[in-house]
2 protein chains.
Amino acid sequence: MNQDNSLRGEFSSISPAEFFYRNRQMAGFGNPSQAVYSTVRELVENSIDACEEARRQPDVRVSIDEERSGVVRVTVSDNGTGVPYDEVPNAFARVLYGDKFTARQRRGTFGLGVTMAALYGQITTDSPLIVVTQTNHATGRYYQLLIDIENNQPVILSDKSHEREGPGTEVTIRLKGDLNRSRERIYDYLQLTTVASPHARMEFTINGSSILKMGWWHQLLPTPTTPSKPHPHGADLELIRRLVADAGERSLHDFLVESFQRMGKRTATRFLKFLALNPRQAMNTLGREDISRLSSALRSFDGLGRPDGKCLSPIGKDAFLTSVESVFAPSALTYGSRGPTEWSGNAFIIEGVAAIGTGARAADVPALYRFANRVPLLYDSSEDTLTKMLKRVNWVQYGVGSTTPVSIFLHLCSTKIPFKAAGKQSIASLPEIEHEVLSLLRELGRSLKKTLKRGERSVRDAQKKREFDKAMKQVAQFSAELAERDVVPSTAELIRRLFEVDHHV
Amino acid sequence: MNQDNSLRGEFSSISPAEFFYRNRQMAGFGNPSQAVYSTVRELVENSIDACEEARRQPDVRVSIDEERSGVVRVTVSDNGTGVPYDEVPNAFARVLYGDKFTARQRRGTFGLGVTMAALYGQITTDSPLIVVTQTNHATGRYYQLLIDIENNQPVILSDKSHEREGPGTEVTIRLKGDLNRSRERIYDYLQLTTVASPHARMEFTINGSSILKMGWWHQLLPTPTTPSKPHPHGADLELIRRLVADAGERSLHDFLVESFQRMGKRTATRFLKFLALNPRQAMNTLGREDISRLSSALRSFDGLGRPDGKCLSPIGKDAFLTSVESVFAPSALTYGSRGPTEWSGNAFIIEGVAAIGTGARAADVPALYRFANRVPLLYDSSEDTLTKMLKRVNWVQYGVGSTTPVSIFLHLCSTKIPFKAAGKQSIASLPEIEHEVLSLLRELGRSLKKTLKRGERSVRDAQKKREFDKAMKQVAQFSAELAERDVVPSTAELIRRLFEVDHHV
């Protein structure tokens, strides 16, 4: 917006698609190497979310083909729910369109991710987005879609029946991209995805050659999350206004109990008494001033229990330890967790694993792996609040000096991750989150200290365990070949349990 | 977007205002201290832009009043063009609305800045945005506005005539904000604004007390920028499609010459010959394949001169040296500049000043002040490409060791700054920009080396100059009092010229 006489009459509005077309670097599509990475990432996140909705162990296949120098075709397929057919054009080719916003943990951002990738593909290669999807008990469908950027509307080039092996979705995007500069990051991303989603399996092929095939470290699917009511601390004036508009003649007391979590009948009574408001007053008789007082009192009300955690899906101790073990084979490891608590009414949990025997040697601080809502974050680490908190801890005090290779895996899960940008690479600093992260890191530090003290013995154990581990893997490989199975079963959980007593911190 | 069977039929679209309401931390409104800073910043940027449009020396007044703990009222007034009255509601209270996008250097982002501040104020204090504006030869107008967030539409609470001293705009926003934690940043921001806009004056008061009053270091207004035609390297398929749609029966040759900068008749002929296309073919007969070929050939075409720099407004040697001198009083300083060149068709210039005798002592690298389109960047420095390039230079080689206090001021100006997020705090890494920044830093390094060699003499000169400077300031102060003028004239330019021969690198 600019105040401008000379261009009077030339004011106009732009569509959100146009905004992100002009500012694509804000959504992670700033250059050809980042674009390939972001495309894979957005598609994989959607796929795992869809599989979890379907209560199936995610089996996600990523393939990238380099058609000619600088032009790649990215295809991601899953065994998820499929997308309702009449929603496909809007869901994939319209910015800020998606399934209804509810307060529960999700991997993707509402209405931006895959559409941004499609938009980038379209403007760099003129190719439509291709979607093949199949919902349960239905024949699959095939779509070719473009985005009308100026009007933010889908353009359907093709829409027809299509046989598919089973339910799920496969999306193909052709884009200008630098595969050489992005392949390593994509590898790391997929590997770390199996750490944060140990129930998922990732497969990655480039030009037909298999690059990575791993996962299914842990058999249990995460408990399904359920949307929760708003937390009183999130009751900004916009939210209150919307709730009040729906409340009709309901009484103030009933309104509070029905609209918010942690507002039991007694809490609501106490709260209204404190505010000197009449519990039986009908909502539609509240004045603007009352509503404003209500909002600010709710936001600062102290007498509330912990927020509802059912909207969250932490990885959990057993699964997290198993996946770190499977991927990094550390010599010892420990788990910790804090929460649920909340920032501005958004519930969150921070959990972490500290692992000895992996990570850079001779660093002042442990190596850090960041995860947000089970998504690995690989870019922009230095401005991330998790990194800042890691640096704030005095690690030497916990015996983590320059010769001990230690890695920390931190997972923040929340109904809303305060990402600094639409590209979802780093987490903004908020006092509530900072506080919990610091506490968790110190807790992990204390555990590390105990383990490191055991010193020599641990090293011997680790050696023994590594040899055992190697042998078991060979046995598993051999058995898989005998059984003519494609996938080698994971032995990590077995090993971990065998060594648990001695081994875990 | 999420693929979800269980919520079938619950897909929907959200307005851009709703998107930024949910993701306000992406636009710089993540917490109460950042919110105050971002509000000031967005208003000041708009104000200076408006004054430059009016060809007046910007006189911008920022006042912040703390109404009660945690609630502040921010008012910014300017002597700019004023806003056309019928555009005020949309321009201030509708996201993604603004004056038409043209390819020239601007401080603000299109359609987001002030509206975000208004939105944040509204949801935290329930207060409308207040705008008082006056265009030339008209009576002023007063508005109170709210934003209908769900529909992204302005709500007009008040709209009436209002007397004002003269043309210009004054905007008031009441918001929840942490003044204690933001005041120092705001001070730095306004001070550095006078470095990057030496023709502007900033005034800052808190609760009625004057905190800062400085600027007008340099009398010349920047040369007005003029929008330029698109650069061929920016011809992505979306742009080409739009240009072709307007081209009608024009010939391919005429189309190229008229649509793009740096496409003279001879260049266009050569380009089409190379592509084996008929220069006389009518645009409306081009097939999809032709258009796609045209786009990719334009984007990679090498035989072009430097991009048009008339759309850019660098600070310039004289003004930049004067403003750094005025604010930081270094003992020696040097200027360098690279460009215009382009990234993806967006013209840019990088210019810089290196100053000795200011900045942190005992650091490996010089202190860095970052500017983008004359706006100081104060947050998220470590992920910024300018910071990364600074660290890539081996400063010891230029004699900048641990005992030499040196500061570098870098200004990137471009028709489009590739900000990493809508909060506009750090610049994304792009090879074209990296290359020019590195070259400039090395050039500044070589100049520094020469100066530092002169060693002792410089130190003596600097001392002499500082004394002279002090005396002249007293004279100016005294003269101003005699003349009963409120503003003390700047002496920095005078001093700089007097000492130029010895002093400049």
# chains A, B, ... in the order shown; residues from 1 in each chain; ligands from 1

$ residues_around --residues "Met202 in chain B" --least-positions-apart "4" --cutoff "10 Å" --atoms "only C-alpha atoms" --output "ChimeraX atom specification"
/B:44,48,58-62,78,190-191,193-194,212-216

$ interface_residues --of "chain A" --to "chain B" --cutoff "7 Å" --atoms "only C-alpha atoms" --output "ChimeraX atom specification"
/A:1-5,8,10-14,16,25-26,46,50,53,81-84,91,96-100,110-112,123-124,126,236-238,292,380,382-383,418-422

$ residues_around --residues "Pro222 in chain B" --least-positions-apart "4" --cutoff "9 Å" --atoms "only C-alpha atoms" --output "PDB file with C-alpha atoms, in the first residue's frame"
ATOM      1  CA  GLU B  52       8.971  11.269  -1.933  1.00  0.00           C
ATOM      2  CA  ARG B  55       8.751  15.614  -3.850  1.00  0.00           C
ATOM      3  CA  SER B 197      17.244   8.329   3.716  1.00  0.00           C
ATOM      4  CA  HIS B 199      17.021  13.678   3.027  1.00  0.00           C
ATOM      5  CA  SER B 313      17.106   4.774  -6.040  1.00  0.00           C
ATOM      6  CA  PRO B 314      20.471   4.069  -4.427  1.00  0.00           C
ATOM      7  CA  ILE B 315      21.490   6.401  -1.614  1.00  0.00           C
ATOM      8  CA  GLY B 316      24.511   7.530  -3.615  1.00  0.00           C
TER       9      GLY B 316
END

$ residues_around --residues "Thr322 in chain B" --least-positions-apart "2" --cutoff "9 Å" --atoms "only C-alpha atoms" --output "list in words"
Val195, Pro198, Trp217, His218, Lys317, Asp318, Ala319, Phe320, Val324, Glu325, Ser326, Val327, Ala492, Glu493 and Arg496 of chain B

$ write_last_selection --atoms "C-alpha atoms" --output "short mmCIF file (atom, residue, chain, number, x, y, z; two decimals), in the first residue's frame"
data_model
loop_
_atom_site.label_atom_id
_atom_site.label_comp_id
_atom_site.auth_asym_id
_atom_site.auth_seq_id
_atom_site.Cartn_x
_atom_site.Cartn_y
_atom_site.Cartn_z
CA VAL B 195 21.31 6.98 7.35
CA PRO B 198 19.57 11.24 4.50
CA TRP B 217 21.75 15.30 6.72
CA HIS B 218 21.67 15.89 3.02
CA LYS B 317 28.10 8.24 -2.62
CA ASP B 318 27.79 11.77 -1.36
CA ALA B 319 24.59 11.25 0.63
CA PHE B 320 25.61 7.88 2.07
CA VAL B 324 27.16 7.69 8.09
CA GLU B 325 29.50 10.49 9.07
CA SER B 326 26.70 12.46 10.72
CA VAL B 327 25.39 9.58 12.77
CA ALA B 492 28.61 17.03 8.75
CA GLU B 493 28.65 17.71 5.04
CA ARG B 496 33.39 16.08 5.35
#

$ select_by_dssp --residues "range 96-216 of chain B" --states "strand (DSSP E or B)" --output "ChimeraX atom specification"
/B:97-99,129-134,140-148,153-162,168-176,201-206,209-215

$ write_last_selection --atoms "N, CA and C atoms" --output "CSV table (one decimal), in the first residue's frame"
chain,number,residue,atom,x,y,z
B,97,TYR,N,-4.5,-5.0,-0.9
B,97,TYR,CA,-5.1,-3.9,-1.7
B,97,TYR,C,-4.1,-2.8,-1.7
B,98,GLY,N,-3.8,-2.2,-2.8
B,98,GLY,CA,-2.9,-1.1,-2.8
B,98,GLY,C,-2.8,-0.4,-4.1
B,99,ASP,N,-1.9,0.5,-4.3
B,99,ASP,CA,-1.8,1.1,-5.6
B,99,ASP,C,-1.0,0.2,-6.5
B,129,LEU,N,-8.6,1.6,13.5
B,129,LEU,CA,-7.5,2.4,13.0
B,129,LEU,C,-8.1,3.8,12.7
B,130,ILE,N,-7.3,4.8,13.0
B,130,ILE,CA,-7.7,6.2,12.8
B,130,ILE,C,-6.7,6.8,11.7
B,131,VAL,N,-7.3,7.3,10.6
B,131,VAL,CA,-6.5,7.9,9.6
B,131,VAL,C,-7.0,9.4,9.4
B,132,VAL,N,-6.1,10.3,9.4
B,132,VAL,CA,-6.4,11.7,9.0
B,132,VAL,C,-5.5,12.0,7.8
B,133,THR,N,-6.2,12.4,6.7
B,133,THR,CA,-5.3,12.6,5.5
B,133,THR,C,-5.8,13.8,4.8
B,134,GLN,N,-4.9,14.5,4.1
B,134,GLN,CA,-5.2,15.6,3.3
B,134,GLN,C,-4.4,15.6,2.0
B,140,GLY,N,-9.0,18.3,4.7
B,140,GLY,CA,-8.7,17.0,5.1
B,140,GLY,C,-9.8,16.1,5.5
B,141,ARG,N,-9.6,14.8,5.7
B,141,ARG,CA,-10.7,13.9,6.1
B,141,ARG,C,-10.2,13.0,7.2
B,142,TYR,N,-11.2,12.6,8.0
B,142,TYR,CA,-10.9,11.8,9.2
B,142,TYR,C,-11.7,10.5,9.1
B,143,TYR,N,-11.0,9.3,9.3
B,143,TYR,CA,-11.6,8.0,9.2
B,143,TYR,C,-11.4,7.2,10.5
B,144,GLN,N,-12.4,6.4,10.8
B,144,GLN,CA,-12.2,5.3,11.8
B,144,GLN,C,-12.6,4.1,11.1
B,145,LEU,N,-11.6,3.1,11.0
B,145,LEU,CA,-11.9,1.9,10.2
B,145,LEU,C,-11.6,0.6,11.0
B,146,LEU,N,-12.4,-0.4,10.8
B,146,LEU,CA,-12.1,-1.7,11.2
B,146,LEU,C,-12.0,-2.7,10.0
B,147,ILE,N,-11.5,-3.8,10.3
B,147,ILE,CA,-11.4,-4.8,9.2
B,147,ILE,C,-12.3,-6.0,9.4
B,148,ASP,N,-13.2,-6.3,8.5
B,148,ASP,CA,-14.0,-7.5,8.5
B,148,ASP,C,-13.1,-8.6,8.1
B,153,GLN,N,-12.8,-7.1,4.2
B,153,GLN,CA,-13.4,-5.9,3.7
B,153,GLN,C,-13.3,-4.8,4.8
B,154,PRO,N,-13.2,-3.5,4.4
B,154,PRO,CA,-13.1,-2.5,5.4
B,154,PRO,C,-14.5,-2.2,6.0
B,155,VAL,N,-14.6,-1.9,7.3
B,155,VAL,CA,-15.8,-1.4,7.9
B,155,VAL,C,-15.6,0.0,8.4
B,156,ILE,N,-16.4,0.9,7.8
B,156,ILE,CA,-16.2,2.3,8.1
B,156,ILE,C,-17.0,2.8,9.3
B,157,LEU,N,-16.3,3.1,10.4
B,157,LEU,CA,-17.1,3.6,11.6
B,157,LEU,C,-17.3,5.1,11.6
B,158,SER,N,-16.4,5.8,10.9
B,158,SER,CA,-16.5,7.3,10.9
B,158,SER,C,-15.8,7.8,9.6
B,159,ASP,N,-16.3,8.8,9.0
B,159,ASP,CA,-15.8,9.3,7.8
B,159,ASP,C,-16.3,10.8,7.7
B,160,LYS,N,-15.4,11.7,8.0
B,160,LYS,CA,-15.9,13.1,8.0
B,160,LYS,C,-14.8,14.1,7.7
B,161,SER,N,-15.2,15.4,7.4
B,161,SER,CA,-14.2,16.4,7.1
B,161,SER,C,-13.4,16.7,8.4
B,162,HIS,N,-12.2,17.1,8.1
B,162,HIS,CA,-11.3,17.4,9.2
B,162,HIS,C,-10.2,18.4,8.8
B,168,GLY,N,-0.8,15.7,3.8
B,168,GLY,CA,-0.1,14.6,4.5
B,168,GLY,C,-1.0,13.7,5.2
B,169,THR,N,-0.5,12.7,5.9
B,169,THR,CA,-1.3,11.7,6.5
B,169,THR,C,-0.9,11.4,7.9
B,170,GLU,N,-1.8,11.2,8.8
B,170,GLU,CA,-1.5,10.8,10.1
B,170,GLU,C,-2.3,9.5,10.5
B,171,VAL,N,-1.6,8.5,10.9
B,171,VAL,CA,-2.3,7.2,11.2
B,171,VAL,C,-2.1,6.9,12.7
B,172,THR,N,-3.2,6.5,13.3
B,172,THR,CA,-3.1,6.1,14.8
B,172,THR,C,-3.6,4.7,14.9
B,173,ILE,N,-2.8,3.9,15.6
B,173,ILE,CA,-3.1,2.5,15.9
B,173,ILE,C,-2.9,2.2,17.4
B,174,ARG,N,-3.9,1.7,18.0
B,174,ARG,CA,-3.8,1.3,19.4
B,174,ARG,C,-3.6,-0.2,19.5
B,175,LEU,N,-2.7,-0.7,20.2
B,175,LEU,CA,-2.4,-2.1,20.2
B,175,LEU,C,-1.8,-2.6,21.5
B,176,LYS,N,-1.9,-3.9,21.7
B,176,LYS,CA,-1.2,-4.5,22.8
B,176,LYS,C,0.2,-4.6,22.5
B,201,ARG,N,13.8,13.6,7.8
B,201,ARG,CA,14.0,13.9,9.2
B,201,ARG,C,13.0,13.1,10.0
B,202,MET,N,13.5,12.5,11.1
B,202,MET,CA,12.7,11.7,12.0
B,202,MET,C,12.6,12.3,13.4
B,203,GLU,N,11.4,12.2,13.9
B,203,GLU,CA,11.2,12.7,15.3
B,203,GLU,C,10.5,11.6,16.0
B,204,PHE,N,10.9,11.4,17.3
B,204,PHE,CA,10.3,10.3,18.0
B,204,PHE,C,10.0,10.8,19.5
B,205,THR,N,8.8,10.7,19.9
B,205,THR,CA,8.5,11.0,21.3
B,205,THR,C,7.8,9.9,21.9
B,206,ILE,N,8.1,9.7,23.2
B,206,ILE,CA,7.4,8.7,24.0
B,206,ILE,C,6.7,9.4,25.2
B,209,SER,N,7.6,13.0,25.8
B,209,SER,CA,9.0,13.4,25.9
B,209,SER,C,9.8,13.1,24.6
B,210,SER,N,10.5,14.1,24.1
B,210,SER,CA,11.3,13.9,22.9
B,210,SER,C,12.5,12.9,23.1
B,211,ILE,N,12.5,11.9,22.3
B,211,ILE,CA,13.5,10.8,22.4
B,211,ILE,C,14.6,11.0,21.3
B,212,LEU,N,14.1,11.4,20.2
B,212,LEU,CA,15.1,11.5,19.0
B,212,LEU,C,14.5,12.5,18.1
B,213,LYS,N,15.4,13.3,17.5
B,213,LYS,CA,15.1,14.3,16.5
B,213,LYS,C,16.3,14.4,15.6
B,214,MET,N,16.3,13.8,14.5
B,214,MET,CA,17.5,13.9,13.7
B,214,MET,C,17.2,13.6,12.2
B,215,GLY,N,18.2,14.0,11.4
B,215,GLY,CA,18.0,13.7,9.9
B,215,GLY,C,18.3,15.0,9.1

$ closest_residue --among "A:Asp254, A:Glu351, A:Asp364, A:Asp178" --to "Phe409 in chain A" --atoms "only C-alpha atoms"
A:Glu351

$ atom_distance --atom1 "CA of Asn346 in chain B" --atom2 "CA of Leu294 in chain B"
18.8 Å

$ select_by_dssp --residues "range 371-422 of chain B" --states "alpha helix (DSSP H)" --output "list in words"
Thr385, Leu386, Thr387, Lys388, Met389, Leu390, Lys391 and Arg392 of chain B

$ write_last_selection --atoms "C-alpha atoms" --output "PDB file, in the first residue's frame"
ATOM      1  CA  THR B 385      22.584 -13.310   2.767  1.00  0.00           C
ATOM      2  CA  LEU B 386      24.424 -10.031   3.488  1.00  0.00           C
ATOM      3  CA  THR B 387      25.634 -11.420   6.835  1.00  0.00           C
ATOM      4  CA  LYS B 388      26.638 -14.693   5.221  1.00  0.00           C
ATOM      5  CA  MET B 389      28.700 -12.907   2.585  1.00  0.00           C
ATOM      6  CA  LEU B 390      30.345 -10.706   5.233  1.00  0.00           C
ATOM      7  CA  LYS B 391      31.494 -13.823   7.041  1.00  0.00           C
ATOM      8  CA  ARG B 392      32.782 -15.384   3.857  1.00  0.00           C
TER       9      ARG B 392
END

$ atom_distance --atom1 "CA of Leu275 in chain A" --atom2 "CA of Asp290 in chain A"
10.1 Å

$ residues_around --residues "Lys310 in chain B" --least-positions-apart "3" --cutoff "12 Å" --atoms "only C-alpha atoms" --output "ChimeraX atom specification"
/B:103-105,222-229,261,306-307,313-314,340,347-349,413-415

$ write_last_selection --atoms "C-alpha atoms" --output "short mmCIF file (atom, residue, chain, number, x, y, z; two decimals), in the first residue's frame"
data_model
loop_
_atom_site.label_atom_id
_atom_site.label_comp_id
_atom_site.auth_asym_id
_atom_site.auth_seq_id
_atom_site.Cartn_x
_atom_site.Cartn_y
_atom_site.Cartn_z
CA ALA B 103 8.49 -2.44 -11.31
CA ARG B 104 10.31 0.20 -9.31
CA GLN B 105 11.95 0.48 -5.93
CA PRO B 222 16.57 11.28 -4.46
CA THR B 223 15.95 11.29 -8.20
CA PRO B 224 12.41 10.03 -8.72
CA THR B 225 12.29 6.43 -9.86
CA THR B 226 10.35 5.53 -12.96
CA PRO B 227 8.71 2.15 -13.53
CA SER B 228 10.60 0.10 -16.06
CA LYS B 229 9.44 -2.49 -18.53
CA GLN B 261 13.63 -3.38 -21.59
CA ARG B 306 22.85 -3.92 -18.07
CA PRO B 307 19.29 -3.62 -16.82
CA SER B 313 17.11 4.77 -6.04
CA PRO B 314 20.47 4.07 -4.43
CA PRO B 340 22.76 -2.27 -11.79
CA ALA B 347 17.21 -4.92 -11.37
CA PHE B 348 19.38 -4.33 -8.31
CA ILE B 349 22.27 -2.23 -7.05
CA CYS B 413 18.10 -1.72 -3.65
CA SER B 414 15.98 -3.59 -6.12
CA THR B 415 12.61 -3.58 -7.84
#

$ atom_distance --atom1 "CA of Ile186 in chain B" --atom2 "CA of Arg374 in chain B"
15.7 Å

$ residues_around --residues "Gly264 in chain B" --least-positions-apart "3" --cutoff "12 Å" --atoms "only C-alpha atoms" --output "MDAnalysis selection string"
chainID B and resid 232 253:261 267:271 303:305

$ closest_residue --among "B:Ser77, B:Gln397, B:Gln57, B:Ser182" --to "Ser33 in chain B" --atoms "only C-alpha atoms"
B:Ser182
